[in-house]
file work_10.txt (compact mmCIF, C-alpha atoms)
# COMPACT_ATOMS: atom_id res chain seq x y z
CA MET A 1 53.32 -52.77 -37.27
CA ARG A 2 55.30 -52.48 -34.07
CA ARG A 3 57.26 -49.59 -35.45
CA TRP A 4 54.02 -47.96 -36.45
CA LEU A 5 52.61 -48.42 -32.96
CA ILE A 6 55.75 -47.00 -31.32
CA GLY A 7 55.56 -44.07 -33.68
CA MET A 8 51.96 -43.39 -32.74
CA VAL A 9 52.71 -43.50 -29.02
CA ALA A 10 55.63 -41.17 -29.47
CA ALA A 11 53.46 -38.78 -31.44
CA PHE A 12 50.79 -38.84 -28.72
CA VAL A 13 53.32 -38.08 -26.01
CA THR A 14 54.65 -35.21 -28.07
CA ILE A 15 51.16 -33.81 -28.59
CA VAL A 16 50.29 -33.96 -24.90
CA ALA A 17 53.57 -32.31 -24.01
CA THR A 18 52.80 -29.59 -26.53
CA ILE A 19 49.25 -28.99 -25.32
CA ALA A 20 50.07 -28.90 -21.63
CA PRO A 21 52.02 -25.61 -21.65
CA GLY A 22 49.30 -24.09 -23.82
CA LEU A 23 46.62 -24.79 -21.26
CA ALA A 24 48.66 -23.90 -18.23
CA ALA A 25 48.32 -20.16 -18.71
CA ASN A 26 45.48 -18.15 -20.15
CA LEU A 27 47.80 -15.46 -21.37
CA PRO A 28 51.28 -15.84 -22.71
CA SER A 29 53.97 -14.42 -20.54
CA SER A 30 54.92 -12.03 -23.30
CA SER A 31 51.52 -10.28 -23.29
CA GLN A 32 51.73 -6.56 -22.55
CA SER A 33 48.19 -5.54 -23.37
CA LEU A 34 46.44 -6.07 -20.03
CA ALA A 35 46.26 -3.52 -17.24
CA GLY A 36 44.12 -2.99 -14.16
CA ALA A 37 43.21 0.30 -12.53
CA ASN A 38 40.67 2.01 -10.34
CA VAL A 39 38.90 4.86 -12.07
CA ALA A 40 36.73 7.30 -10.15
CA VAL A 41 33.24 7.63 -11.59
CA ALA A 42 32.08 11.20 -11.70
CA SER A 43 28.68 12.23 -10.41
CA CYS A 44 26.50 14.06 -12.90
CA ASP A 45 24.67 15.81 -10.07
CA THR A 46 26.41 17.15 -7.02
CA ASP A 47 23.98 19.54 -5.34
CA GLY A 48 21.12 17.15 -4.68
CA VAL A 49 17.66 16.85 -6.12
CA THR A 50 14.24 17.81 -4.85
CA VAL A 51 11.76 15.03 -4.21
CA VAL A 52 8.05 15.76 -3.85
CA ARG A 53 5.45 13.05 -3.50
CA THR A 54 2.02 13.28 -5.08
CA LEU A 55 -0.71 11.74 -2.99
CA SER A 56 -4.04 10.23 -3.77
CA GLY A 57 -5.82 9.56 -0.55
CA ALA A 58 -3.27 7.86 1.67
CA ASN A 59 -1.18 6.57 -1.23
CA VAL A 60 1.78 7.94 -3.11
CA VAL A 61 0.94 7.74 -6.80
CA SER A 62 3.93 9.54 -8.27
CA VAL A 63 7.08 11.37 -7.32
CA THR A 64 8.38 14.54 -8.93
CA ILE A 65 12.14 14.76 -8.94
CA SER A 66 13.44 18.19 -9.82
CA ASN A 67 16.63 20.21 -9.71
CA ILE A 68 18.42 17.51 -11.72
CA ALA A 69 21.65 18.86 -13.17
CA SER A 70 21.94 19.19 -16.94
CA ALA A 71 24.92 16.84 -16.87
CA CYS A 72 22.46 14.03 -16.06
CA GLY A 73 20.44 14.83 -19.19
CA ASN A 74 19.18 11.77 -21.07
CA GLY A 75 20.33 9.63 -18.17
CA ALA A 76 18.42 6.65 -16.86
CA LEU A 77 16.76 7.30 -13.53
CA SER A 78 15.81 4.42 -11.27
CA MET A 79 13.64 4.99 -8.22
CA THR A 80 12.56 2.72 -5.40
CA LEU A 81 10.04 3.87 -2.83
CA SER A 82 10.03 2.06 0.47
CA ASN A 83 7.69 2.59 3.39
CA GLY A 84 9.26 0.08 5.70
CA SER A 85 6.98 -2.81 4.91
CA THR A 86 6.83 -2.76 1.14
CA SER A 87 8.48 -1.11 -1.82
CA VAL A 88 7.82 -0.25 -5.43
CA SER A 89 10.20 0.68 -8.21
CA ALA A 90 9.96 2.72 -11.37
CA THR A 91 12.23 4.19 -14.01
CA ALA A 92 12.29 7.29 -16.16
CA VAL A 93 14.56 9.11 -18.56
CA VAL A 94 15.92 12.45 -17.45
CA PRO A 95 15.11 15.24 -19.92
CA ALA A 96 17.99 16.31 -22.16
CA GLY A 97 18.66 19.47 -20.21
CA GLY A 98 18.11 17.98 -16.78
CA GLY A 99 15.40 19.72 -14.76
CA SER A 100 12.55 17.63 -13.50
CA VAL A 101 10.85 14.36 -14.22
CA VAL A 102 7.76 12.67 -12.84
CA VAL A 103 8.23 9.01 -11.93
CA THR A 104 5.12 6.91 -11.61
CA PRO A 105 5.25 3.44 -10.06
CA ALA A 106 3.03 0.82 -11.62
CA THR A 107 1.18 0.46 -8.35
CA PRO A 108 0.67 3.14 -5.67
CA ILE A 109 2.29 2.66 -2.30
CA ALA A 110 0.89 3.64 1.07
CA ALA A 111 2.39 6.81 2.51
CA THR A 112 3.69 6.37 6.02
CA ASN A 113 5.38 8.48 8.65
CA ALA A 114 8.76 7.75 7.14
CA MET A 115 9.28 6.92 3.51
CA THR A 116 12.62 6.40 1.84
CA THR A 117 13.24 7.10 -1.83
CA HIS A 118 16.29 5.51 -3.41
CA LEU A 119 17.44 7.28 -6.55
CA THR A 120 20.10 6.34 -9.04
CA ILE A 121 20.81 8.29 -12.20
CA VAL A 122 23.16 6.78 -14.73
CA GLY A 123 24.33 9.49 -17.05
CA ALA A 124 24.03 9.02 -20.78
CA MET B 125 47.25 -34.41 -38.20
CA ILE B 126 46.56 -33.80 -34.52
CA GLY B 127 49.88 -32.08 -34.12
CA VAL B 128 48.90 -29.57 -36.79
CA LEU B 129 45.65 -28.91 -34.96
CA VAL B 130 47.47 -28.16 -31.73
CA LEU B 131 49.74 -25.70 -33.41
CA ALA B 132 46.70 -23.97 -34.83
CA LEU B 133 45.15 -23.62 -31.37
CA LEU B 134 48.12 -22.08 -29.66
CA PRO B 135 48.05 -18.70 -31.43
CA THR B 136 44.32 -18.49 -30.68
CA ALA B 137 44.87 -18.86 -26.96
CA ALA B 138 47.60 -16.27 -27.01
CA ALA B 139 45.47 -13.54 -28.62
CA ALA B 140 43.95 -11.38 -25.86
CA ALA B 141 40.59 -9.88 -26.75
CA PRO B 142 40.59 -6.09 -26.40
CA ILE B 143 38.52 -4.79 -23.49
CA THR B 144 36.73 -1.51 -23.91
CA LEU B 145 35.32 0.33 -20.89
CA THR B 146 33.00 3.26 -21.29
CA ALA B 147 32.82 5.47 -18.24
CA LYS B 148 29.38 6.85 -17.31
CA THR B 149 28.47 9.36 -14.72
CA LEU B 150 26.53 8.08 -11.77
CA ALA B 151 24.47 10.01 -9.26
CA VAL B 152 23.09 8.13 -6.28
CA TYR B 153 20.81 9.76 -3.76
CA ARG B 154 18.58 8.62 -0.98
CA THR B 155 15.72 10.70 0.25
CA CYS B 156 13.83 10.31 3.49
CA THR B 157 10.47 12.02 3.76
CA LEU B 158 9.17 12.38 7.28
CA THR B 159 5.58 13.32 7.85
CA ALA B 160 2.80 12.79 10.34
CA TRP B 161 -0.94 13.21 10.33
CA ALA B 162 -1.92 11.56 13.57
CA ALA B 163 -2.13 13.30 16.90
CA GLY B 164 -0.24 10.58 18.71
CA SER B 165 2.62 10.38 16.26
CA THR B 166 6.08 10.81 17.65
CA THR B 167 7.61 11.32 14.22
CA VAL B 168 6.62 14.98 14.34
CA ALA B 169 6.14 17.31 17.28
CA ASP B 170 4.46 20.62 16.49
CA SER B 171 2.85 23.47 18.36
CA TRP B 172 2.62 27.24 18.43
CA VAL B 173 3.04 29.88 21.09
CA ASN B 174 0.98 32.96 21.73
CA HIS B 175 2.55 36.22 22.82
CA ASN B 176 -0.88 37.38 23.91
CA ASN B 177 -1.39 34.43 26.25
CA LEU B 178 1.95 33.69 27.80
CA THR B 179 1.05 30.36 29.41
CA GLN B 180 -1.20 28.99 26.69
CA ASN B 181 -0.18 25.60 25.32
CA ASN B 182 -1.26 24.66 21.80
CA GLY B 183 0.28 21.23 21.45
CA THR B 184 -2.98 19.65 20.32
CA ALA B 185 -4.10 22.46 18.03
CA THR B 186 -4.94 21.56 14.45
CA PHE B 187 -3.03 24.57 13.16
CA MET B 188 0.08 26.63 13.83
CA ASP B 189 -0.06 30.39 13.59
CA VAL B 190 2.80 32.65 12.59
CA GLN B 191 1.75 36.21 13.20
CA THR B 192 3.04 39.70 13.52
CA ALA B 193 0.77 42.21 15.19
CA GLY B 194 1.09 44.48 18.20
CA ALA B 195 3.96 44.61 20.63
CA THR B 196 2.78 41.53 22.50
CA THR B 197 0.39 39.79 20.11
CA ASN B 198 2.80 37.80 18.00
CA ARG B 199 2.58 34.07 17.32
CA ARG B 200 5.21 31.52 16.45
CA ALA B 201 5.26 27.92 15.23
CA TYR B 202 7.49 25.19 16.58
CA ILE B 203 8.16 21.90 14.84
CA ARG B 204 10.53 19.00 15.25
CA PHE B 205 11.02 15.80 13.20
CA ASP B 206 12.48 12.58 14.53
CA LEU B 207 15.23 11.86 12.03
CA THR B 208 15.85 8.44 13.56
CA GLN B 209 12.58 7.29 12.00
CA CYS B 210 14.27 7.15 8.60
CA SER B 211 14.82 3.58 7.47
CA PRO B 212 17.50 2.81 6.56
CA ALA B 213 19.01 5.20 9.07
CA ILE B 214 20.84 8.22 7.75
CA PRO B 215 24.53 7.52 8.43
CA SER B 216 26.26 10.15 10.51
CA SER B 217 28.85 10.36 7.76
CA ALA B 218 26.26 11.01 5.06
CA THR B 219 26.55 14.07 2.88
CA ILE B 220 23.30 15.96 3.22
CA SER B 221 22.41 17.40 -0.16
CA SER B 222 19.25 19.13 0.92
CA GLY B 223 16.80 19.42 3.76
CA THR B 224 13.47 21.04 3.08
CA LEU B 225 10.63 21.75 5.48
CA ARG B 226 7.23 22.07 3.86
CA LEU B 227 4.11 23.23 5.62
CA TYR B 228 0.61 23.63 4.28
CA ALA B 229 -0.62 27.21 4.50
CA SER B 230 -4.39 27.24 4.94
CA ALA B 231 -4.56 31.02 5.25
CA ILE B 232 -2.17 33.66 3.94
CA PRO B 233 -1.88 37.37 4.73
CA GLY B 234 -3.07 40.23 2.56
CA VAL B 235 0.46 41.49 2.06
CA CYS B 236 3.74 39.74 1.47
CA ARG B 237 5.42 38.65 4.69
CA THR B 238 8.83 37.13 5.31
CA GLN B 239 8.81 34.02 7.48
CA ASP B 240 12.11 33.23 9.20
CA ILE B 241 13.10 29.80 10.47
CA PHE B 242 15.51 29.32 13.36
CA ARG B 243 17.20 26.23 14.71
CA VAL B 244 15.89 25.81 18.24
CA THR B 245 18.62 25.54 20.85
CA PHE B 246 16.54 24.40 23.83
CA ALA B 247 14.46 21.34 24.62
CA TRP B 248 10.68 21.58 24.44
CA THR B 249 7.67 19.30 24.39
CA GLU B 250 4.33 19.56 22.67
CA ALA B 251 2.51 19.41 25.98
CA GLY B 252 4.70 21.91 27.76
CA LEU B 253 5.60 24.61 25.27
CA THR B 254 4.26 28.10 25.91
CA TRP B 255 5.47 31.60 25.16
CA ASN B 256 6.92 31.75 28.64
CA THR B 257 8.85 28.49 28.40
CA GLN B 258 10.97 30.01 25.68
CA PRO B 259 14.28 30.95 27.33
CA ALA B 260 15.89 34.34 27.47
CA GLY B 261 16.93 35.44 24.05
CA TRP B 262 13.80 33.83 22.57
CA ASN B 263 10.89 35.21 24.60
CA ALA B 264 10.67 38.76 23.33
CA ALA B 265 9.52 40.11 19.98
CA ASN B 266 12.10 39.76 17.23
CA GLN B 267 14.22 37.38 19.28
CA PRO B 268 16.41 35.74 18.23
CA ALA B 269 17.64 38.28 15.72
CA SER B 270 16.76 37.75 12.08
CA GLY B 271 20.43 37.57 11.26
CA SER B 272 20.72 34.23 13.03
CA ARG B 273 17.95 32.57 11.03
CA THR B 274 18.60 29.40 9.08
CA SER B 275 16.59 30.56 6.07
CA PHE B 276 13.33 32.24 5.14
CA ILE B 277 10.42 32.15 2.72
CA THR B 278 7.93 34.81 1.73
CA VAL B 279 4.16 34.38 1.80
CA GLY B 280 1.46 36.61 0.42
CA PRO B 281 0.52 38.56 -2.69
CA GLY B 282 3.39 39.33 -5.02
CA CYS B 283 5.93 37.13 -3.30
CA GLN B 284 7.17 33.55 -3.31
CA ASN B 285 4.03 31.79 -2.07
CA THR B 286 0.86 33.51 -3.16
CA ALA B 287 -1.85 30.94 -2.58
CA VAL B 288 -3.18 28.48 -0.10
CA GLY B 289 -1.33 25.17 -0.26
CA TYR B 290 2.08 23.78 0.50
CA VAL B 291 4.64 26.54 0.62
CA ASN B 292 7.91 26.27 -1.22
CA GLY B 293 9.82 25.03 1.72
CA TRP B 294 12.40 26.40 4.06
CA ASP B 295 15.95 25.32 3.30
CA VAL B 296 17.17 23.63 6.47
CA THR B 297 20.06 21.76 4.90
CA ALA B 298 22.68 23.20 7.23
CA ASP B 299 20.70 22.31 10.35
CA VAL B 300 19.91 18.77 9.21
CA SER B 301 23.59 18.27 8.41
CA ALA B 302 24.45 19.30 11.95
CA PHE B 303 21.76 17.03 13.44
CA VAL B 304 22.92 14.03 11.44
CA ALA B 305 26.60 14.64 12.12
CA GLY B 306 25.89 15.07 15.81
CA THR B 307 27.33 18.55 16.04
CA ALA B 308 23.96 19.98 17.11
CA THR B 309 21.05 18.52 19.06
CA ASN B 310 17.82 18.18 17.14
CA HIS B 311 15.35 20.44 18.92
CA GLY B 312 13.65 21.30 15.65
CA TRP B 313 12.80 24.75 14.40
CA MET B 314 10.89 27.88 15.29
CA ILE B 315 9.20 29.97 12.62
CA ARG B 316 8.35 33.62 13.18
CA ASP B 317 7.57 36.69 11.15
CA ASP B 318 10.72 38.54 10.17
CA ILE B 319 9.39 41.73 11.76
CA GLU B 320 7.27 40.98 14.80
CA ALA B 321 5.28 43.73 16.52
CA SER B 322 4.84 45.43 13.15
CA GLY B 323 1.62 47.07 14.32
CA THR B 324 -0.84 45.45 11.92
CA ALA B 325 -1.96 41.87 12.39
CA ARG B 326 -0.64 39.67 9.57
CA ASN B 327 -1.17 35.96 9.98
CA VAL B 328 -0.13 32.79 8.18
CA ARG B 329 -1.91 29.69 9.39
CA TYR B 330 -0.22 26.34 8.83
CA SER B 331 -1.83 22.94 9.22
CA SER B 332 -0.44 20.82 12.04
CA LYS B 333 -0.25 17.04 12.30
CA ASP B 334 -3.25 17.17 14.63
CA LEU B 335 -5.46 18.12 11.71
CA ALA B 336 -5.16 14.44 10.79
CA ASN B 337 -5.04 15.22 7.08
CA LEU B 338 -2.21 13.61 5.16
CA ALA B 339 -2.72 16.03 2.27
CA GLN B 340 -1.80 18.92 4.57
CA ALA B 341 0.64 17.23 6.91
CA PRO B 342 4.00 18.81 7.76
CA GLN B 343 6.85 17.28 5.79
CA LEU B 344 10.60 17.22 6.13
CA THR B 345 12.45 15.89 3.11
CA VAL B 346 16.13 15.03 3.50
CA THR B 347 18.20 14.10 0.47
CA TYR B 348 21.61 12.65 1.10
CA ARG B 349 24.40 10.59 -0.30
CA PRO B 350 25.05 7.60 2.00
call {"tool": "encode", "arguments": {"input": "work_10.txt", "output": "structure tokens"}}
result
Amino acid sequence: MRRWLIGMVAAFVTIVATIAPGLAANLPSSSQSLAGANVAVASCDTDGVTVVRTLSGANVVSVTISNIASACGNGALSMTLSNGSTSVSATAVVPAGGGSVVVTPATPIAATNAMTTHLTIVGA
Amino acid sequence: MIGVLVLALLPTAAAAAPITLTAKTLAVYRTCTLTAWAAGSTTVADSWVNHNNLTQNNGTATFMDVQTAGATTNRRAYIRFDLTQCSPAIPSSATISSGTLRLYASAIPGVCRTQDIFRVTFAWTEAGLTWNTQPAGWNAANQPASGSRTSFITVGPGCQNTAVGYVNGWDVTADVSAFVAGTATNHGWMIRDDIEASGTARNVRYSSKDLANLAQAPQLTVTYRP
């Protein structure tokens, strides 16, 4: 019985000693498959877009974004309109060949003297 | 038994999962649209000057005339936008992709006319601007020379803008870039007929902020990359 108990303790110590190095590092020192780098993300549109608001009364109901480069075709366009006190967002898909797209927020937003439109197009 | 389990775990921890990155193109723009449709607004200053009435001030007029006519019966529009009203502010280091001035034409001429836009190089106020307060080099017909214009549009039958409404705007990208970068002072723009004193009166009438009509208000749209 005593020998059995000593054997069990010895086995436990061996197991712990075996586990510990395994948990100490997430990757084995011999790994050669991990690399880090900074990669520049290209812009699918470089010459700007044209933004024209469509009004209904004193509210902006939609925005036409044109002159989108063909390289942005099928890309996901996100737009946020801000008038300084509130903002609304909407999304649209750029036509395959670029060109123009009308983005309509779910709720109109009051036009003001200065309105900022934030646009992001993630190319397909 | 447990020892066997540990040995089975070790190879699992050593196996690095492959990471796949798919690059996508990304275009980010910010656009600030400045406009005004209230007489007291400081976002926009607009007026027009009358060659036929040298001391007349039209700072509160509800329209702006651009006219060619006789030797001394021309008319010009002046307009300036306060770019500091944009929120968030346009950084001085921003890359200006486009700057477009749009005016609402409520009357167009019977023939196609070219309308030049010039970056104004002198200070002026709505309340003080007259034909005579234009400095030398600006206060005679066809001054400054067409060759120094920023850009132009055409208005009338058979040309770029054929009907009443917002004109396809003047490209003022270069001037806005200079204003934002601080390499030029923002005194706005002057619009005149490309050939003043042409002999026959040809007039384009643009709505001013004082008309108090948002649907016809002057607009400057600046698109930039922050």
call {"tool": "interface_residues", "arguments": {"input": "work_10.txt", "of": "chain A", "to": "chain B", "cutoff": "6 Å", "atoms": "all atoms listed in the file", "output": "number ranges by chain"}}
result
A: 15, 27-28, 41-45, 47-48, 113-123
call {"tool": "residues_around", "arguments": {"input": "work_10.txt", "residues": "stretch 54-56 of chain A", "least_positions_apart": "2", "cutoff": "9 Å", "atoms": "only C-alpha atoms", "output": "list of chain:residue names"}}
result
A:Val52, A:Ala58, A:Asn59, A:Val60, A:Val61, A:Ser62, A:Val63, A:Thr64, A:Pro108, A:Ala111, B:Leu338, B:Ala339
call {"tool": "atom_distance", "arguments": {"input": "work_10.txt", "atom1": "atom CA of A:Arg53", "atom2": "atom CA of B:Pro215"}}
result
23.2 Å
call {"tool": "atom_distance", "arguments": {"input": "work_10.txt", "atom1": "atom CA of B:Ala185", "atom2": "atom CA of B:Thr297"}}
result
27.5 Å
call {"tool": "atom_distance", "arguments": {"input": "work_10.txt", "atom1": "atom CA of A:Ala90", "atom2": "atom CA of A:Ala110"}}
result
15.4 Å
call {"tool": "residues_near_point", "arguments": {"input": "work_10.txt", "point": "(7.4, 44.9, 11.5)", "cutoff": "10 Å", "atoms": "only C-alpha atoms", "output": "PyMOL selection string"}}
result
chain B and resi 192-195+237+265-266+317-326
